[in-house]
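K.L.:
My questions will all concern the structure given below.
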Amino acid sequence: MLSSGEKSKVQIKHKIWIERNGRVIFGHGRRALLRAIDECGSLNSAAKRLNMSYRAAWGRLKASEERLGIKLTEVDASSGKMRMTDEAKDLLRKFEELEKETEAFVEFAYQKLAFPPLQKKR
């Protein structure tokens, strides 16, 4: 039997990403990149914000677009700024929903194992 101190150290870890044929389509990194593009208005500025090279950011974006068969970004004709497409926003919403549902399942499984309540991430 674990002491109460040992129980509090027990955690269930998980990380969600989406693959096709063993290749990443979408995950936390691509989500961060899309959000940064929307906030910064350019791929170059987004890459800098995330401490990535432009080439790495461009490669990940293009790989996801090719694997999904949709455009994730577009350039606004009037402002010249890059932004997420509606399809990208929908993908982001679905991914975040998947994360919430997974988190709820992990919490349920954790409680089922009779460990102390999980500490919520802040």
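How things are named: the first chain in the structure tokens is A, the next is B, and so on; residues count from 1 in each chain; ligands count from 1 in the order shown.
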Determine, using only C-alpha atoms, which residues of segment 16-49 of chain A have any atom at most 10 Å from an atom of segment 81-102 of chain A, and tabulate each with its shortest atom pair and distance in Å to one decimal place, rows ordered by chain and then rising number, as a tab-separated table.

P.N.:
residue	atom	partner	partner_atom	distance
A:Ile16	CA	A:Glu99	CA	6.9
A:Trp17	CA	A:Phe95	CA	8.6
A:Ile18	CA	A:Phe95	CA	8.8
A:Phe26	CA	A:Phe95	CA	8.3
A:Gly27	CA	A:Phe95	CA	7.9
A:His28	CA	A:Phe95	CA	9.2
A:Arg30	CA	A:Leu92	CA	9.5
A:Arg31	CA	A:Leu92	CA	6.8
A:Leu34	CA	A:Met84	CA	6.6
A:Arg35	CA	A:Met84	CA	8.0
A:Ala36	CA	A:Arg83	CA	9.3
A:Ile37	CA	A:Arg83	CA	6.1
A:Asp38	CA	A:Arg83	CA	4.7
A:Glu39	CA	A:Arg83	CA	8.1
A:Cys40	CA	A:Met82	CA	8.2
A:Gly41	CA	A:Lys81	CA	4.6
A:Ser42	CA	A:Met82	CA	5.1
A:Leu43	CA	A:Met82	CA	7.2

K.L.:
Got a sec to tell me which of segment 10-96 of chain A DSSP assigns to helix (DSSP H, G or I), as an MDAnalysis selection string?

P.N.:
chainID A and resid 28:40 43:49 54:68 86:96

K.L.:
Would you write out those residues with N, CA and C atoms, as a short mmCIF file (atom, residue, chain, number, x, y, z; two decimals), in the first residue's frame?

P.N.:
data_model
loop_
_atom_site.label_atom_id
_atom_site.label_comp_id
_atom_site.auth_asym_id
_atom_site.auth_seq_id
_atom_site.Cartn_x
_atom_site.Cartn_y
_atom_site.Cartn_z
N HIS A 28 0.17 19.62 -30.71
CA HIS A 28 0.40 20.83 -29.91
C HIS A 28 1.29 21.85 -30.63
N GLY A 29 2.32 21.37 -31.29
CA GLY A 29 3.23 22.27 -31.99
C GLY A 29 2.58 23.00 -33.15
N ARG A 30 1.80 22.26 -33.94
CA ARG A 30 1.11 22.89 -35.07
C ARG A 30 0.02 23.84 -34.56
N ARG A 31 -0.62 23.48 -33.46
CA ARG A 31 -1.62 24.38 -32.88
C ARG A 31 -0.94 25.70 -32.47
N ALA A 32 0.18 25.59 -31.79
CA ALA A 32 0.91 26.80 -31.37
C ALA A 32 1.34 27.63 -32.58
N LEU A 33 1.76 26.95 -33.64
CA LEU A 33 2.18 27.67 -34.85
C LEU A 33 1.00 28.41 -35.47
N LEU A 34 -0.13 27.76 -35.61
CA LEU A 34 -1.30 28.43 -36.19
C LEU A 34 -1.76 29.61 -35.34
N ARG A 35 -1.76 29.44 -34.04
CA ARG A 35 -2.16 30.56 -33.17
C ARG A 35 -1.18 31.73 -33.30
N ALA A 36 0.11 31.41 -33.36
CA ALA A 36 1.12 32.46 -33.50
C ALA A 36 0.99 33.18 -34.84
N ILE A 37 0.69 32.43 -35.90
CA ILE A 37 0.48 33.05 -37.22
C ILE A 37 -0.69 34.02 -37.14
N ASP A 38 -1.78 33.58 -36.53
CA ASP A 38 -2.96 34.44 -36.42
C ASP A 38 -2.66 35.70 -35.61
N GLU A 39 -1.88 35.56 -34.55
CA GLU A 39 -1.56 36.70 -33.69
C GLU A 39 -0.52 37.63 -34.31
N CYS A 40 0.46 37.06 -34.98
CA CYS A 40 1.57 37.85 -35.53
C CYS A 40 1.30 38.37 -36.94
N LEU A 43 4.21 34.26 -41.08
CA LEU A 43 4.88 33.01 -40.70
C LEU A 43 6.24 33.31 -40.09
N ASN A 44 6.95 34.28 -40.63
CA ASN A 44 8.27 34.62 -40.11
C ASN A 44 8.19 35.09 -38.65
N SER A 45 7.26 35.98 -38.35
CA SER A 45 7.11 36.48 -36.98
C SER A 45 6.65 35.37 -36.04
N ALA A 46 5.75 34.50 -36.53
CA ALA A 46 5.29 33.38 -35.72
C ALA A 46 6.44 32.44 -35.40
N ALA A 47 7.27 32.15 -36.39
CA ALA A 47 8.42 31.27 -36.18
C ALA A 47 9.36 31.86 -35.13
N LYS A 48 9.63 33.14 -35.23
CA LYS A 48 10.50 33.81 -34.26
C LYS A 48 9.91 33.73 -32.86
N ARG A 49 8.61 33.97 -32.73
CA ARG A 49 7.95 33.91 -31.43
C ARG A 49 8.12 32.53 -30.80
N TYR A 54 12.36 29.78 -39.80
CA TYR A 54 11.29 29.97 -40.78
C TYR A 54 11.09 28.69 -41.57
N ARG A 55 12.19 28.07 -41.95
CA ARG A 55 12.13 26.85 -42.76
C ARG A 55 11.40 25.72 -42.03
N ALA A 56 11.68 25.56 -40.73
CA ALA A 56 11.01 24.51 -39.95
C ALA A 56 9.52 24.80 -39.85
N ALA A 57 9.16 26.06 -39.60
CA ALA A 57 7.75 26.44 -39.49
C ALA A 57 7.04 26.22 -40.82
N TRP A 58 7.65 26.66 -41.90
CA TRP A 58 7.07 26.50 -43.23
C TRP A 58 6.90 25.02 -43.55
N GLY A 59 7.92 24.22 -43.25
CA GLY A 59 7.87 22.78 -43.53
C GLY A 59 6.75 22.09 -42.78
N ARG A 60 6.57 22.41 -41.53
CA ARG A 60 5.50 21.78 -40.73
C ARG A 60 4.12 22.21 -41.24
N LEU A 61 3.99 23.48 -41.55
CA LEU A 61 2.72 23.98 -42.07
C LEU A 61 2.37 23.30 -43.39
N LYS A 62 3.31 23.26 -44.32
CA LYS A 62 3.06 22.66 -45.63
C LYS A 62 2.81 21.15 -45.51
N ALA A 63 3.54 20.47 -44.64
CA ALA A 63 3.33 19.03 -44.45
C ALA A 63 1.92 18.76 -43.95
N SER A 64 1.46 19.56 -42.98
CA SER A 64 0.11 19.36 -42.46
C SER A 64 -0.93 19.65 -43.55
N GLU A 65 -0.74 20.70 -44.32
CA GLU A 65 -1.68 21.02 -45.39
C GLU A 65 -1.76 19.88 -46.41
N GLU A 66 -0.61 19.36 -46.79
CA GLU A 66 -0.59 18.26 -47.77
C GLU A 66 -1.25 17.01 -47.22
N ARG A 67 -0.97 16.67 -45.98
CA ARG A 67 -1.53 15.45 -45.39
C ARG A 67 -3.02 15.57 -45.12
N LEU A 68 -3.49 16.79 -44.84
CA LEU A 68 -4.91 17.02 -44.59
C LEU A 68 -5.70 17.28 -45.88
N ASP A 86 -10.78 29.23 -42.34
CA ASP A 86 -11.91 28.70 -41.57
C ASP A 86 -11.71 27.21 -41.28
N GLU A 87 -11.13 26.49 -42.24
CA GLU A 87 -10.86 25.06 -42.05
C GLU A 87 -9.87 24.84 -40.91
N ALA A 88 -8.87 25.70 -40.83
CA ALA A 88 -7.89 25.58 -39.74
C ALA A 88 -8.54 25.87 -38.40
N LYS A 89 -9.41 26.87 -38.36
CA LYS A 89 -10.11 27.19 -37.11
C LYS A 89 -10.99 26.03 -36.67
N ASP A 90 -11.63 25.37 -37.63
CA ASP A 90 -12.47 24.21 -37.33
C ASP A 90 -11.60 23.06 -36.82
N LEU A 91 -10.47 22.83 -37.46
CA LEU A 91 -9.54 21.78 -37.01
C LEU A 91 -9.06 22.07 -35.59
N LEU A 92 -8.72 23.30 -35.32
CA LEU A 92 -8.27 23.71 -33.99
C LEU A 92 -9.35 23.46 -32.94
N ARG A 93 -10.57 23.82 -33.26
CA ARG A 93 -11.70 23.61 -32.35
C ARG A 93 -11.90 22.12 -32.08
N LYS A 94 -11.85 21.29 -33.11
CA LYS A 94 -12.02 19.85 -32.95
C LYS A 94 -10.88 19.23 -32.15
N PHE A 95 -9.66 19.71 -32.39
CA PHE A 95 -8.50 19.21 -31.66
C PHE A 95 -8.63 19.55 -30.18
N GLU A 96 -9.05 20.76 -29.88
CA GLU A 96 -9.20 21.17 -28.48
C GLU A 96 -10.34 20.41 -27.80
#

K.L.:
Between atom CA of Ser53 of chain A and atom CA of Val24 of chain A, what is the spacing in Å?

P.N.:
18.7 Å

K.L.:
DSSP on the backbone: which residues in chain A end up as strand (DSSP E)? Give the answer as a list in words.

P.N.:
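Filtering chain A down to strand (DSSP E) leaves Trp17, Ile18, Glu19, Arg20, Arg23, Val24, Ile25, Phe26, Gly27, Thr73, Glu74, Val75, Met82, Arg83 and Met84 of chain A.
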
K.L.:
What is the atom CA of Thr73 of chain A-atom CA of Leu50 of chain A distance in Å, reported with one decimal?

P.N.:
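Computed distance, atom CA of Thr73 of chain A to atom CA of Leu50 of chain A, equals 17.2 Å.
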
K.L.:
As an exercise, work out the distance from atom CA of Asn51 of chain A to atom CA of Ile25 of chain A in Å and give it to one decimal place.

P.N.:
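Rounded to one decimal, the two atoms are 20.7 Å apart.
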